[in-house]
Amino acid sequence: MTLTELRYIVAVARERHFGRAAEACFVSQPTLSVAVKKLEDELDVKLFERGSAEISVTALGEEIVRQAQAVLEQAQSIKEIAKRGKDPLGGPLRLGVIYTIGPYLLPDLVRNTITRVPQMPLMLQENFTVKLLEMLRAGELDCAILAEPFPDAGLAVAPLYDEPFMVAVPKTHALAQREHIGAEELKRETMLLLGTGHCFRDHVLDVCPEFARFSSDAEGIRKSFEGSSLETIKHMVAAGMGVTVVPRLSVPAEPHPHLAFIPFDAPVPTRRVVLVWRRSFTRYEAIAALRNAVYACPLEGVERLTG
């Protein structure tokens, strides 16, 4: 049994697909498949049920994969302890960021990190919250920037900032000249939403719960549009398809030719953005350096949290 084999079965359990797991592990599919079969033979158990479309994990396989994740995390801790003894800021930091934060925070964050700690390059992964949490648990990421709430994974959490939401409407819309908008007023509008899997979609539905019914309603296409990114949705709003809710950092610094961004009436809906990492991660100085690099970003319109 090797750490590599354990890494492979964790990847297969996460991806539910041998090809995608091999790609995530940077090996060929035959190499990964042979290693998984070798481990199954050694343990004399079946870890995965091979279906035509997707792989499923057996009940015993689930338990073994959880133990494999713990072993991989402990093995990574050995490396981190050794690295910390030399230079806790030396070497890459593997950072995950959710889709609705990455485009608006990462450009400044990367520049600040290069300036402040050039010996600690960021290895970036942009993905959904659930995927990033899985990668954290598997030791494939060191830390991640997420928006609360998220499933408790026993992680250490440090708040970064509270970010208010704003309403985006076409410049020609009747609401475009308003100084503030109440959430109740959006009930009468065609709301454009992010697709399922984006936590910001859930945040918007918290503000406007009446739109939740369109998620599964066949007639919902007349009332809502699901986009793959905030920028796509902004383009659809600019084209006059409807209105949407966006986080403050996604609002451009310069006036947009076709969009108006309007604050909410009090109480203003917000999201809390946090930095999370495994409690076993020992490069505390690297986490502190990353937080300081975030605080050095402009973060226009948000409230920094240093507690």
# chains A, B, ... in the order shown; residues from 1 in each chain; ligands from 1
$ residues_around --residues "Leu122 in chain A" --least-positions-apart "5" --cutoff "8 Å" --atoms "only C-alpha atoms" --output "list in words"
Pro92, Leu93, Arg94, Leu95, Val110 and Thr113 of chain A
$ write_last_selection --atoms "all heavy atoms" --output "compact mmCIF listing (two decimals), in the first residue's frame"
# COMPACT_ATOMS: atom_id res chain seq x y z
N PRO A 92 5.22 27.10 -2.17
CA PRO A 92 3.89 27.50 -2.63
C PRO A 92 2.82 27.32 -1.55
O PRO A 92 2.96 26.49 -0.65
CB PRO A 92 3.62 26.57 -3.82
CG PRO A 92 4.89 25.87 -4.10
CD PRO A 92 5.74 25.95 -2.90
N LEU A 93 1.77 28.11 -1.67
CA LEU A 93 0.57 27.96 -0.84
C LEU A 93 -0.57 27.64 -1.79
O LEU A 93 -0.87 28.42 -2.70
CB LEU A 93 0.28 29.23 -0.06
CG LEU A 93 -0.87 29.15 0.96
CD1 LEU A 93 -0.48 28.24 2.13
CD2 LEU A 93 -1.26 30.52 1.47
N ARG A 94 -1.22 26.51 -1.57
CA ARG A 94 -2.30 26.06 -2.47
C ARG A 94 -3.61 26.63 -1.96
O ARG A 94 -4.13 26.21 -0.93
CB ARG A 94 -2.33 24.53 -2.52
CG ARG A 94 -1.05 23.91 -3.05
CD ARG A 94 -1.02 22.41 -2.85
NE ARG A 94 -1.13 22.06 -1.43
CZ ARG A 94 -1.30 20.81 -1.00
NH1 ARG A 94 -1.40 19.82 -1.85
NH2 ARG A 94 -1.39 20.58 0.31
N LEU A 95 -4.14 27.59 -2.71
CA LEU A 95 -5.32 28.36 -2.30
C LEU A 95 -6.50 28.09 -3.22
O LEU A 95 -6.39 28.21 -4.45
CB LEU A 95 -4.99 29.85 -2.30
CG LEU A 95 -6.15 30.83 -2.09
CD1 LEU A 95 -6.72 30.68 -0.69
CD2 LEU A 95 -5.71 32.26 -2.35
N VAL A 110 -3.00 38.44 -5.75
CA VAL A 110 -1.78 37.85 -6.31
C VAL A 110 -0.65 38.88 -6.36
O VAL A 110 0.49 38.61 -5.99
CB VAL A 110 -2.05 37.25 -7.71
CG1 VAL A 110 -0.75 36.88 -8.40
CG2 VAL A 110 -2.96 36.03 -7.59
N THR A 113 0.63 39.48 -2.84
CA THR A 113 1.41 38.33 -2.33
C THR A 113 2.80 38.32 -2.95
O THR A 113 3.80 38.07 -2.26
CB THR A 113 0.68 37.01 -2.64
OG1 THR A 113 -0.64 37.07 -2.10
CG2 THR A 113 1.41 35.84 -2.02
$ residues_around --residues "range 281-290 of chain A" --least-positions-apart "4" --cutoff "10 Å" --atoms "only C-alpha atoms" --output "PyMOL selection string"
chain A and resi 73-74+76-85+87-93+95+109-110+112-113+116-117+120+122+139+142-143+155-156+158+275-277+294-296
$ closest_residue --among "A:Arg291, A:Lys46, A:Arg304, A:Arg278" --to "Leu141 in chain A" --atoms "only C-alpha atoms"
A:Arg278
$ atom_distance --atom1 "CA of Phe128 in chain A" --atom2 "CA of Glu184 in chain A"
28.8 Å
$ closest_residue --among "A:Pro247, A:Gly182, A:Gly51, A:Pro255" --to "Pro267 in chain A" --atoms "only C-alpha atoms"
A:Gly182
$ closest_residue --among "A:Ala13, A:Arg20, A:Cys25, A:His258" --to "Gly61 in chain A" --atoms "only C-alpha atoms"
A:Ala13
$ closest_residue --among "A:Ile101, A:Val273, A:Ile145, A:Leu205" --to "Leu249 in chain A" --atoms "only C-alpha atoms"
A:Ile101
$ select_by_dssp --residues "range 47-115 of chain A" --states "helix (DSSP H, G or I)" --output "PDB file with N, CA and C atoms, in the first residue's frame"
ATOM      1  N   ALA A  59     -19.963   0.569   0.322  1.00  0.00           N
ATOM      2  CA  ALA A  59     -20.078   0.983   1.726  1.00  0.00           C
ATOM      3  C   ALA A  59     -18.737   0.849   2.438  1.00  0.00           C
ATOM      4  N   LEU A  60     -18.051  -0.279   2.222  1.00  0.00           N
ATOM      5  CA  LEU A  60     -16.737  -0.464   2.840  1.00  0.00           C
ATOM      6  C   LEU A  60     -15.724   0.498   2.217  1.00  0.00           C
ATOM      7  N   GLY A  61     -15.897   0.754   0.917  1.00  0.00           N
ATOM      8  CA  GLY A  61     -15.006   1.694   0.236  1.00  0.00           C
ATOM      9  C   GLY A  61     -15.081   3.088   0.819  1.00  0.00           C
ATOM     10  N   GLU A  62     -16.292   3.525   1.185  1.00  0.00           N
ATOM     11  CA  GLU A  62     -16.470   4.851   1.800  1.00  0.00           C
ATOM     12  C   GLU A  62     -15.624   4.973   3.064  1.00  0.00           C
ATOM     13  N   GLU A  63     -15.650   3.926   3.883  1.00  0.00           N
ATOM     14  CA  GLU A  63     -14.894   3.945   5.134  1.00  0.00           C
ATOM     15  C   GLU A  63     -13.393   3.963   4.871  1.00  0.00           C
ATOM     16  N   ILE A  64     -12.961   3.178   3.885  1.00  0.00           N
ATOM     17  CA  ILE A  64     -11.531   3.132   3.555  1.00  0.00           C
ATOM     18  C   ILE A  64     -11.070   4.456   2.963  1.00  0.00           C
ATOM     19  N   VAL A  65     -11.898   5.085   2.120  1.00  0.00           N
ATOM     20  CA  VAL A  65     -11.541   6.377   1.534  1.00  0.00           C
ATOM     21  C   VAL A  65     -11.407   7.444   2.618  1.00  0.00           C
ATOM     22  N   ARG A  66     -12.309   7.431   3.601  1.00  0.00           N
ATOM     23  CA  ARG A  66     -12.197   8.401   4.707  1.00  0.00           C
ATOM     24  C   ARG A  66     -10.881   8.221   5.460  1.00  0.00           C
ATOM     25  N   GLN A  67     -10.508   6.954   5.691  1.00  0.00           N
ATOM     26  CA  GLN A  67      -9.240   6.701   6.388  1.00  0.00           C
ATOM     27  C   GLN A  67      -8.061   7.113   5.514  1.00  0.00           C
ATOM     28  N   ALA A  68      -8.177   6.891   4.210  1.00  0.00           N
ATOM     29  CA  ALA A  68      -7.114   7.292   3.282  1.00  0.00           C
ATOM     30  C   ALA A  68      -6.921   8.810   3.314  1.00  0.00           C
ATOM     31  N   GLN A  69      -8.029   9.551   3.372  1.00  0.00           N
ATOM     32  CA  GLN A  69      -7.932  11.010   3.462  1.00  0.00           C
ATOM     33  C   GLN A  69      -7.190  11.428   4.725  1.00  0.00           C
ATOM     34  N   ALA A  70      -7.487  10.766   5.829  1.00  0.00           N
ATOM     35  CA  ALA A  70      -6.805  11.092   7.093  1.00  0.00           C
ATOM     36  C   ALA A  70      -5.316  10.783   6.995  1.00  0.00           C
ATOM     37  N   VAL A  71      -4.966   9.658   6.383  1.00  0.00           N
ATOM     38  CA  VAL A  71      -3.556   9.278   6.229  1.00  0.00           C
ATOM     39  C   VAL A  71      -2.826  10.298   5.357  1.00  0.00           C
ATOM     40  N   LEU A  72      -3.450  10.688   4.248  1.00  0.00           N
ATOM     41  CA  LEU A  72      -2.825  11.666   3.354  1.00  0.00           C
ATOM     42  C   LEU A  72      -2.622  13.001   4.053  1.00  0.00           C
ATOM     43  N   GLU A  73      -3.606  13.394   4.866  1.00  0.00           N
ATOM     44  CA  GLU A  73      -3.481  14.651   5.609  1.00  0.00           C
ATOM     45  C   GLU A  73      -2.330  14.586   6.599  1.00  0.00           C
ATOM     46  N   GLN A  74      -2.199  13.462   7.292  1.00  0.00           N
ATOM     47  CA  GLN A  74      -1.096  13.314   8.245  1.00  0.00           C
ATOM     48  C   GLN A  74       0.252  13.289   7.541  1.00  0.00           C
ATOM     49  N   ALA A  75       0.298  12.634   6.378  1.00  0.00           N
ATOM     50  CA  ALA A  75       1.548  12.595   5.614  1.00  0.00           C
ATOM     51  C   ALA A  75       1.940  13.998   5.162  1.00  0.00           C
ATOM     52  N   GLN A  76       0.937  14.781   4.739  1.00  0.00           N
ATOM     53  CA  GLN A  76       1.208  16.155   4.341  1.00  0.00           C
ATOM     54  C   GLN A  76       1.693  16.982   5.524  1.00  0.00           C
ATOM     55  N   SER A  77       1.163  16.695   6.707  1.00  0.00           N
ATOM     56  CA  SER A  77       1.588  17.427   7.905  1.00  0.00           C
ATOM     57  C   SER A  77       3.065  17.222   8.192  1.00  0.00           C
ATOM     58  N   ILE A  78       3.569  16.017   7.924  1.00  0.00           N
ATOM     59  CA  ILE A  78       5.003  15.751   8.128  1.00  0.00           C
ATOM     60  C   ILE A  78       5.833  16.677   7.248  1.00  0.00           C
ATOM     61  N   LYS A  79       5.422  16.801   5.983  1.00  0.00           N
ATOM     62  CA  LYS A  79       6.143  17.698   5.068  1.00  0.00           C
ATOM     63  C   LYS A  79       6.051  19.150   5.544  1.00  0.00           C
ATOM     64  N   GLU A  80       4.848  19.523   6.007  1.00  0.00           N
ATOM     65  CA  GLU A  80       4.648  20.913   6.435  1.00  0.00           C
ATOM     66  C   GLU A  80       5.452  21.244   7.678  1.00  0.00           C
ATOM     67  N   ILE A  81       5.579  20.276   8.598  1.00  0.00           N
ATOM     68  CA  ILE A  81       6.380  20.501   9.800  1.00  0.00           C
ATOM     69  C   ILE A  81       7.837  20.724   9.418  1.00  0.00           C
ATOM     70  N   ALA A  82       8.329  19.899   8.497  1.00  0.00           N
ATOM     71  CA  ALA A  82       9.713  20.046   8.050  1.00  0.00           C
ATOM     72  C   ALA A  82       9.921  21.381   7.348  1.00  0.00           C
ATOM     73  N   LYS A  83       8.951  21.751   6.516  1.00  0.00           N
ATOM     74  CA  LYS A  83       9.052  23.016   5.787  1.00  0.00           C
ATOM     75  C   LYS A  83       8.990  24.203   6.736  1.00  0.00           C
ATOM     76  N   ARG A  84       8.126  24.095   7.728  1.00  0.00           N
ATOM     77  CA  ARG A  84       7.977  25.186   8.682  1.00  0.00           C
ATOM     78  C   ARG A  84       9.262  25.402   9.475  1.00  0.00           C
ATOM     79  N   GLY A  85       9.979  24.299   9.768  1.00  0.00           N
ATOM     80  CA  GLY A  85      11.227  24.416  10.503  1.00  0.00           C
ATOM     81  C   GLY A  85      12.275  25.195   9.737  1.00  0.00           C
ATOM     82  N   LYS A  86      12.187  25.156   8.423  1.00  0.00           N
ATOM     83  CA  LYS A  86      13.152  25.900   7.593  1.00  0.00           C
ATOM     84  C   LYS A  86      12.661  27.331   7.377  1.00  0.00           C
ATOM     85  N   GLY A 102     -13.272  34.894  -6.842  1.00  0.00           N
ATOM     86  CA  GLY A 102     -12.008  34.855  -7.568  1.00  0.00           C
ATOM     87  C   GLY A 102     -11.736  36.006  -8.521  1.00  0.00           C
ATOM     88  N   PRO A 103     -12.635  36.295  -9.476  1.00  0.00           N
ATOM     89  CA  PRO A 103     -12.324  37.327 -10.475  1.00  0.00           C
ATOM     90  C   PRO A 103     -12.146  38.724  -9.884  1.00  0.00           C
ATOM     91  N   TYR A 104     -12.714  38.966  -8.712  1.00  0.00           N
ATOM     92  CA  TYR A 104     -12.734  40.316  -8.146  1.00  0.00           C
ATOM     93  C   TYR A 104     -11.686  40.519  -7.050  1.00  0.00           C
ATOM     94  N   LEU A 105     -11.188  39.432  -6.486  1.00  0.00           N
ATOM     95  CA  LEU A 105     -10.189  39.532  -5.423  1.00  0.00           C
ATOM     96  C   LEU A 105      -8.800  39.095  -5.874  1.00  0.00           C
ATOM     97  N   LEU A 106      -8.725  38.057  -6.707  1.00  0.00           N
ATOM     98  CA  LEU A 106      -7.433  37.439  -7.013  1.00  0.00           C
ATOM     99  C   LEU A 106      -6.419  38.357  -7.707  1.00  0.00           C
ATOM    100  N   PRO A 107      -6.823  39.197  -8.666  1.00  0.00           N
ATOM    101  CA  PRO A 107      -5.795  40.034  -9.310  1.00  0.00           C
ATOM    102  C   PRO A 107      -5.009  40.875  -8.306  1.00  0.00           C
ATOM    103  N   ASP A 108      -5.701  41.562  -7.395  1.00  0.00           N
ATOM    104  CA  ASP A 108      -4.998  42.357  -6.377  1.00  0.00           C
ATOM    105  C   ASP A 108      -4.292  41.463  -5.375  1.00  0.00           C
ATOM    106  N   LEU A 109      -4.914  40.359  -4.999  1.00  0.00           N
ATOM    107  CA  LEU A 109      -4.325  39.466  -3.996  1.00  0.00           C
ATOM    108  C   LEU A 109      -3.019  38.864  -4.510  1.00  0.00           C
ATOM    109  N   VAL A 110      -2.995  38.435  -5.747  1.00  0.00           N
ATOM    110  CA  VAL A 110      -1.776  37.846  -6.308  1.00  0.00           C
ATOM    111  C   VAL A 110      -0.652  38.885  -6.359  1.00  0.00           C
ATOM    112  N   ARG A 111      -0.991  40.095  -6.795  1.00  0.00           N
ATOM    113  CA  ARG A 111       0.029  41.161  -6.834  1.00  0.00           C
ATOM    114  C   ARG A 111       0.574  41.444  -5.437  1.00  0.00           C
ATOM    115  N   ASN A 112      -0.313  41.541  -4.462  1.00  0.00           N
ATOM    116  CA  ASN A 112       0.128  41.829  -3.090  1.00  0.00           C
ATOM    117  C   ASN A 112       0.989  40.710  -2.529  1.00  0.00           C
ATOM    118  N   THR A 113       0.632  39.476  -2.836  1.00  0.00           N
ATOM    119  CA  THR A 113       1.407  38.331  -2.334  1.00  0.00           C
ATOM    120  C   THR A 113       2.802  38.320  -2.951  1.00  0.00           C
ATOM    121  N   ILE A 114       2.884  38.593  -4.241  1.00  0.00           N
ATOM    122  CA  ILE A 114       4.189  38.633  -4.910  1.00  0.00           C
ATOM    123  C   ILE A 114       5.064  39.719  -4.293  1.00  0.00           C
ATOM    124  N   THR A 115       4.445  40.857  -3.975  1.00  0.00           N
ATOM    125  CA  THR A 115       5.201  41.974  -3.398  1.00  0.00           C
ATOM    126  C   THR A 115       5.638  41.671  -1.965  1.00  0.00           C
TER     127      THR A 115
END
$ residues_around --residues "Ala260 in chain A" --least-positions-apart "3" --cutoff "12 Å" --atoms "only C-alpha atoms" --output "tab-separated table (two decimals) with all heavy atoms, in the first residue's frame"
chain	number	residue	atom	x	y	z
A	166	MET	N	-25.64	44.39	-4.02
A	166	MET	CA	-26.25	45.49	-4.74
A	166	MET	C	-27.14	44.93	-5.84
A	166	MET	O	-27.00	43.77	-6.24
A	166	MET	CB	-25.18	46.43	-5.33
A	166	MET	CG	-24.29	47.07	-4.28
A	166	MET	SD	-23.13	48.27	-4.97
A	166	MET	CE	-24.23	49.64	-5.35
A	167	VAL	N	-28.04	45.75	-6.33
A	167	VAL	CA	-28.94	45.35	-7.41
A	167	VAL	C	-28.38	45.91	-8.72
A	167	VAL	O	-28.00	47.09	-8.79
A	167	VAL	CB	-30.36	45.89	-7.18
A	167	VAL	CG1	-31.29	45.44	-8.31
A	167	VAL	CG2	-30.89	45.43	-5.84
A	168	ALA	N	-28.31	45.07	-9.74
A	168	ALA	CA	-27.88	45.50	-11.07
A	168	ALA	C	-29.08	45.53	-11.99
A	168	ALA	O	-29.81	44.53	-12.11
A	168	ALA	CB	-26.81	44.56	-11.61
A	169	VAL	N	-29.30	46.68	-12.63
A	169	VAL	CA	-30.43	46.83	-13.56
A	169	VAL	C	-29.93	47.51	-14.83
A	169	VAL	O	-28.89	48.18	-14.83
A	169	VAL	CB	-31.57	47.68	-12.93
A	169	VAL	CG1	-32.04	47.05	-11.62
A	169	VAL	CG2	-31.12	49.12	-12.70
A	170	PRO	N	-30.66	47.36	-15.94
A	170	PRO	CA	-30.27	48.09	-17.16
A	170	PRO	C	-30.38	49.60	-16.93
A	170	PRO	O	-31.24	50.06	-16.16
A	170	PRO	CB	-31.30	47.62	-18.20
A	170	PRO	CG	-31.89	46.36	-17.64
A	170	PRO	CD	-31.83	46.49	-16.15
A	171	LYS	N	-29.55	50.36	-17.61
A	171	LYS	CA	-29.58	51.82	-17.48
A	171	LYS	C	-30.95	52.39	-17.86
A	171	LYS	O	-31.34	53.46	-17.38
A	171	LYS	CB	-28.49	52.44	-18.37
A	171	LYS	CG	-27.10	52.49	-17.73
A	171	LYS	CD	-26.96	53.71	-16.84
A	171	LYS	CE	-25.58	53.80	-16.19
A	171	LYS	NZ	-24.53	54.19	-17.13
A	172	THR	N	-31.68	51.66	-18.72
A	172	THR	CA	-32.98	52.15	-19.18
A	172	THR	C	-34.12	51.73	-18.26
A	172	THR	O	-35.27	52.09	-18.50
A	172	THR	CB	-33.26	51.61	-20.59
A	172	THR	OG1	-33.16	50.17	-20.57
A	172	THR	CG2	-32.24	52.15	-21.60
A	173	HIS	N	-33.83	50.98	-17.22
A	173	HIS	CA	-34.86	50.46	-16.32
A	173	HIS	C	-35.40	51.57	-15.42
A	173	HIS	O	-34.69	52.52	-15.08
A	173	HIS	CB	-34.26	49.34	-15.45
A	173	HIS	CG	-35.28	48.48	-14.77
A	173	HIS	ND1	-36.00	48.90	-13.67
A	173	HIS	CD2	-35.70	47.21	-15.04
A	173	HIS	CE1	-36.81	47.92	-13.29
A	173	HIS	NE2	-36.65	46.88	-14.10
A	174	ALA	N	-36.67	51.43	-15.03
A	174	ALA	CA	-37.30	52.46	-14.18
A	174	ALA	C	-36.60	52.60	-12.84
A	174	ALA	O	-36.61	53.67	-12.23
A	174	ALA	CB	-38.77	52.09	-13.97
A	175	LEU	N	-35.95	51.53	-12.36
A	175	LEU	CA	-35.26	51.57	-11.07
A	175	LEU	C	-33.85	52.17	-11.15
A	175	LEU	O	-33.22	52.41	-10.12
A	175	LEU	CB	-35.15	50.16	-10.47
A	175	LEU	CG	-36.46	49.46	-10.09
A	175	LEU	CD1	-36.19	48.02	-9.69
A	175	LEU	CD2	-37.14	50.21	-8.95
A	176	ALA	N	-33.37	52.42	-12.36
A	176	ALA	CA	-31.97	52.83	-12.53
A	176	ALA	C	-31.65	54.16	-11.87
A	176	ALA	O	-30.49	54.42	-11.52
A	176	ALA	CB	-31.62	52.88	-14.02
A	177	GLN	N	-32.64	55.01	-11.70
A	177	GLN	CA	-32.40	56.33	-11.11
A	177	GLN	C	-32.58	56.35	-9.59
A	177	GLN	O	-32.39	57.37	-8.95
A	177	GLN	CB	-33.36	57.36	-11.74
A	177	GLN	CG	-33.28	57.44	-13.26
A	177	GLN	CD	-31.87	57.69	-13.75
A	177	GLN	OE1	-31.16	58.54	-13.21
A	177	GLN	NE2	-31.46	56.95	-14.78
A	178	ARG	N	-32.94	55.21	-9.02
A	178	ARG	CA	-33.18	55.16	-7.58
A	178	ARG	C	-31.87	55.17	-6.80
A	178	ARG	O	-30.85	54.65	-7.24
A	178	ARG	CB	-33.96	53.87	-7.25
A	178	ARG	CG	-35.34	53.83	-7.86
A	178	ARG	CD	-36.33	54.61	-7.01
A	178	ARG	NE	-36.45	53.97	-5.70
A	178	ARG	CZ	-37.24	52.92	-5.46
A	178	ARG	NH1	-38.01	52.44	-6.44
A	178	ARG	NH2	-37.31	52.39	-4.27
A	179	GLU	N	-31.90	55.78	-5.60
A	179	GLU	CA	-30.71	55.77	-4.73
A	179	GLU	C	-30.63	54.49	-3.93
A	179	GLU	O	-29.53	54.03	-3.59
A	179	GLU	CB	-30.75	56.98	-3.78
A	179	GLU	CG	-30.57	58.31	-4.49
A	179	GLU	CD	-30.40	59.45	-3.50
A	179	GLU	OE1	-30.37	59.17	-2.27
A	179	GLU	OE2	-30.31	60.60	-3.95
A	180	HIS	N	-31.80	53.89	-3.60
A	180	HIS	CA	-31.85	52.64	-2.87
A	180	HIS	C	-33.04	51.82	-3.36
A	180	HIS	O	-34.00	52.38	-3.91
A	180	HIS	CB	-31.99	52.87	-1.35
A	180	HIS	CG	-30.82	53.56	-0.73
A	180	HIS	ND1	-30.72	54.94	-0.68
A	180	HIS	CD2	-29.69	53.07	-0.16
A	180	HIS	CE1	-29.58	55.26	-0.10
A	180	HIS	NE2	-28.94	54.16	0.23
A	181	ILE	N	-32.94	50.50	-3.17
A	181	ILE	CA	-34.03	49.61	-3.58
A	181	ILE	C	-34.33	48.65	-2.43
A	181	ILE	O	-33.41	48.12	-1.78
A	181	ILE	CB	-33.65	48.79	-4.84
A	181	ILE	CG1	-33.48	49.71	-6.05
A	181	ILE	CG2	-34.70	47.73	-5.14
A	181	ILE	CD1	-33.05	48.99	-7.30
A	234	LYS	N	-24.45	39.67	-15.89
A	234	LYS	CA	-24.42	41.13	-16.09
A	234	LYS	C	-24.66	41.48	-17.55
A	234	LYS	O	-25.37	42.45	-17.86
A	234	LYS	CB	-23.06	41.69	-15.64
A	234	LYS	CG	-22.88	41.76	-14.13
A	234	LYS	CD	-21.53	42.41	-13.87
A	234	LYS	CE	-21.09	42.21	-12.44
A	234	LYS	NZ	-19.72	42.72	-12.23
A	237	VAL	N	-28.30	41.17	-18.17
A	237	VAL	CA	-29.01	42.33	-17.61
A	237	VAL	C	-28.84	43.54	-18.52
A	237	VAL	O	-29.81	44.25	-18.82
A	237	VAL	CB	-28.51	42.64	-16.19
A	237	VAL	CG1	-29.12	43.95	-15.68
A	237	VAL	CG2	-28.86	41.50	-15.22
A	238	ALA	N	-27.61	43.76	-18.98
A	238	ALA	CA	-27.35	44.90	-19.87
A	238	ALA	C	-28.17	44.81	-21.15
A	238	ALA	O	-28.55	45.83	-21.74
A	238	ALA	CB	-25.85	44.97	-20.21
A	240	GLY	N	-31.12	43.78	-21.27
A	240	GLY	CA	-32.52	44.05	-20.95
A	240	GLY	C	-33.35	42.84	-20.58
A	240	GLY	O	-34.58	42.91	-20.55
A	243	VAL	N	-33.13	41.75	-14.12
A	243	VAL	CA	-32.25	42.36	-13.12
A	243	VAL	C	-31.57	41.24	-12.34
A	243	VAL	O	-31.94	40.08	-12.45
A	243	VAL	CB	-33.05	43.27	-12.15
A	243	VAL	CG1	-33.85	44.30	-12.90
A	243	VAL	CG2	-33.95	42.43	-11.24
A	244	THR	N	-30.56	41.60	-11.55
A	244	THR	CA	-29.89	40.60	-10.73
A	244	THR	C	-29.33	41.25	-9.48
A	244	THR	O	-29.35	42.48	-9.33
A	244	THR	CB	-28.78	39.87	-11.52
A	244	THR	OG1	-28.40	38.69	-10.79
A	244	THR	CG2	-27.55	40.75	-11.70
A	245	VAL	N	-28.83	40.41	-8.58
A	245	VAL	CA	-28.17	40.86	-7.35
A	245	VAL	C	-26.71	40.45	-7.45
A	245	VAL	O	-26.41	39.31	-7.86
A	245	VAL	CB	-28.83	40.22	-6.12
A	245	VAL	CG1	-28.07	40.59	-4.84
A	245	VAL	CG2	-30.29	40.67	-6.01
A	246	VAL	N	-25.79	41.36	-7.10
A	246	VAL	CA	-24.36	41.08	-7.22
A	246	VAL	C	-23.64	41.46	-5.93
A	246	VAL	O	-24.11	42.33	-5.19
A	246	VAL	CB	-23.73	41.85	-8.41
A	246	VAL	CG1	-24.36	41.43	-9.73
A	246	VAL	CG2	-23.85	43.36	-8.20
A	251	VAL	N	-18.80	45.07	-8.60
A	251	VAL	CA	-19.24	46.33	-9.22
A	251	VAL	C	-18.02	47.06	-9.76
A	251	VAL	O	-17.07	47.33	-9.01
A	251	VAL	CB	-19.99	47.21	-8.21
A	251	VAL	CG1	-20.36	48.55	-8.84
A	251	VAL	CG2	-21.24	46.49	-7.70
A	252	PRO	N	-17.98	47.39	-11.05
A	252	PRO	CA	-16.80	48.05	-11.61
A	252	PRO	C	-16.58	49.44	-11.02
A	252	PRO	O	-17.53	50.12	-10.62
A	252	PRO	CB	-17.11	48.13	-13.12
A	252	PRO	CG	-18.60	48.01	-13.21
A	252	PRO	CD	-19.04	47.16	-12.06
A	254	GLU	N	-15.45	52.10	-12.55
A	254	GLU	CA	-15.92	53.14	-13.47
A	254	GLU	C	-17.39	52.89	-13.83
A	254	GLU	O	-17.83	51.75	-13.85
A	254	GLU	CB	-15.08	53.13	-14.75
A	254	GLU	CG	-13.60	53.40	-14.52
A	254	GLU	CD	-13.36	54.78	-13.95
A	254	GLU	OE1	-14.10	55.71	-14.33
A	254	GLU	OE2	-12.44	54.92	-13.12
A	255	PRO	N	-18.15	53.95	-14.09
A	255	PRO	CA	-19.56	53.77	-14.48
A	255	PRO	C	-19.69	52.86	-15.69
A	255	PRO	O	-18.91	52.95	-16.64
A	255	PRO	CB	-20.01	55.20	-14.80
A	255	PRO	CG	-19.08	56.08	-14.03
A	255	PRO	CD	-17.76	55.37	-14.01
A	256	HIS	N	-20.66	51.96	-15.63
A	256	HIS	CA	-20.89	51.02	-16.74
A	256	HIS	C	-21.80	51.69	-17.76
A	256	HIS	O	-22.77	52.34	-17.40
A	256	HIS	CB	-21.52	49.74	-16.20
A	256	HIS	CG	-21.52	48.61	-17.18
A	256	HIS	ND1	-22.39	48.54	-18.26
A	256	HIS	CD2	-20.76	47.49	-17.24
A	256	HIS	CE1	-22.16	47.43	-18.94
A	256	HIS	NE2	-21.18	46.77	-18.34
A	257	PRO	N	-21.51	51.52	-19.06
A	257	PRO	CA	-22.34	52.20	-20.06
A	257	PRO	C	-23.78	51.70	-20.13
A	257	PRO	O	-24.67	52.44	-20.56
A	257	PRO	CB	-21.60	51.92	-21.39
A	257	PRO	CG	-20.76	50.71	-21.11
A	257	PRO	CD	-20.38	50.80	-19.68
A	263	PRO	N	-27.66	50.38	-4.33
A	263	PRO	CA	-27.63	49.73	-3.00
A	263	PRO	C	-29.03	49.33	-2.55
A	263	PRO	O	-30.04	49.87	-3.00
A	263	PRO	CB	-27.07	50.84	-2.09
A	263	PRO	CG	-26.49	51.87	-3.00
A	263	PRO	CD	-27.26	51.79	-4.28
$ select_by_dssp --residues "range 57-231 of chain A" --states "strand (DSSP E or B)" --output "PyMOL selection string"
chain A and resi 57+93-98+122-127+143-147+155-170+181+191-194+224-227
$ residues_around --residues "Ser228 in chain A" --least-positions-apart "6" --cutoff "9 Å" --atoms "only C-alpha atoms" --output "list of chain:residue names"
A:Leu193, A:Leu194, A:Gly195, A:His198
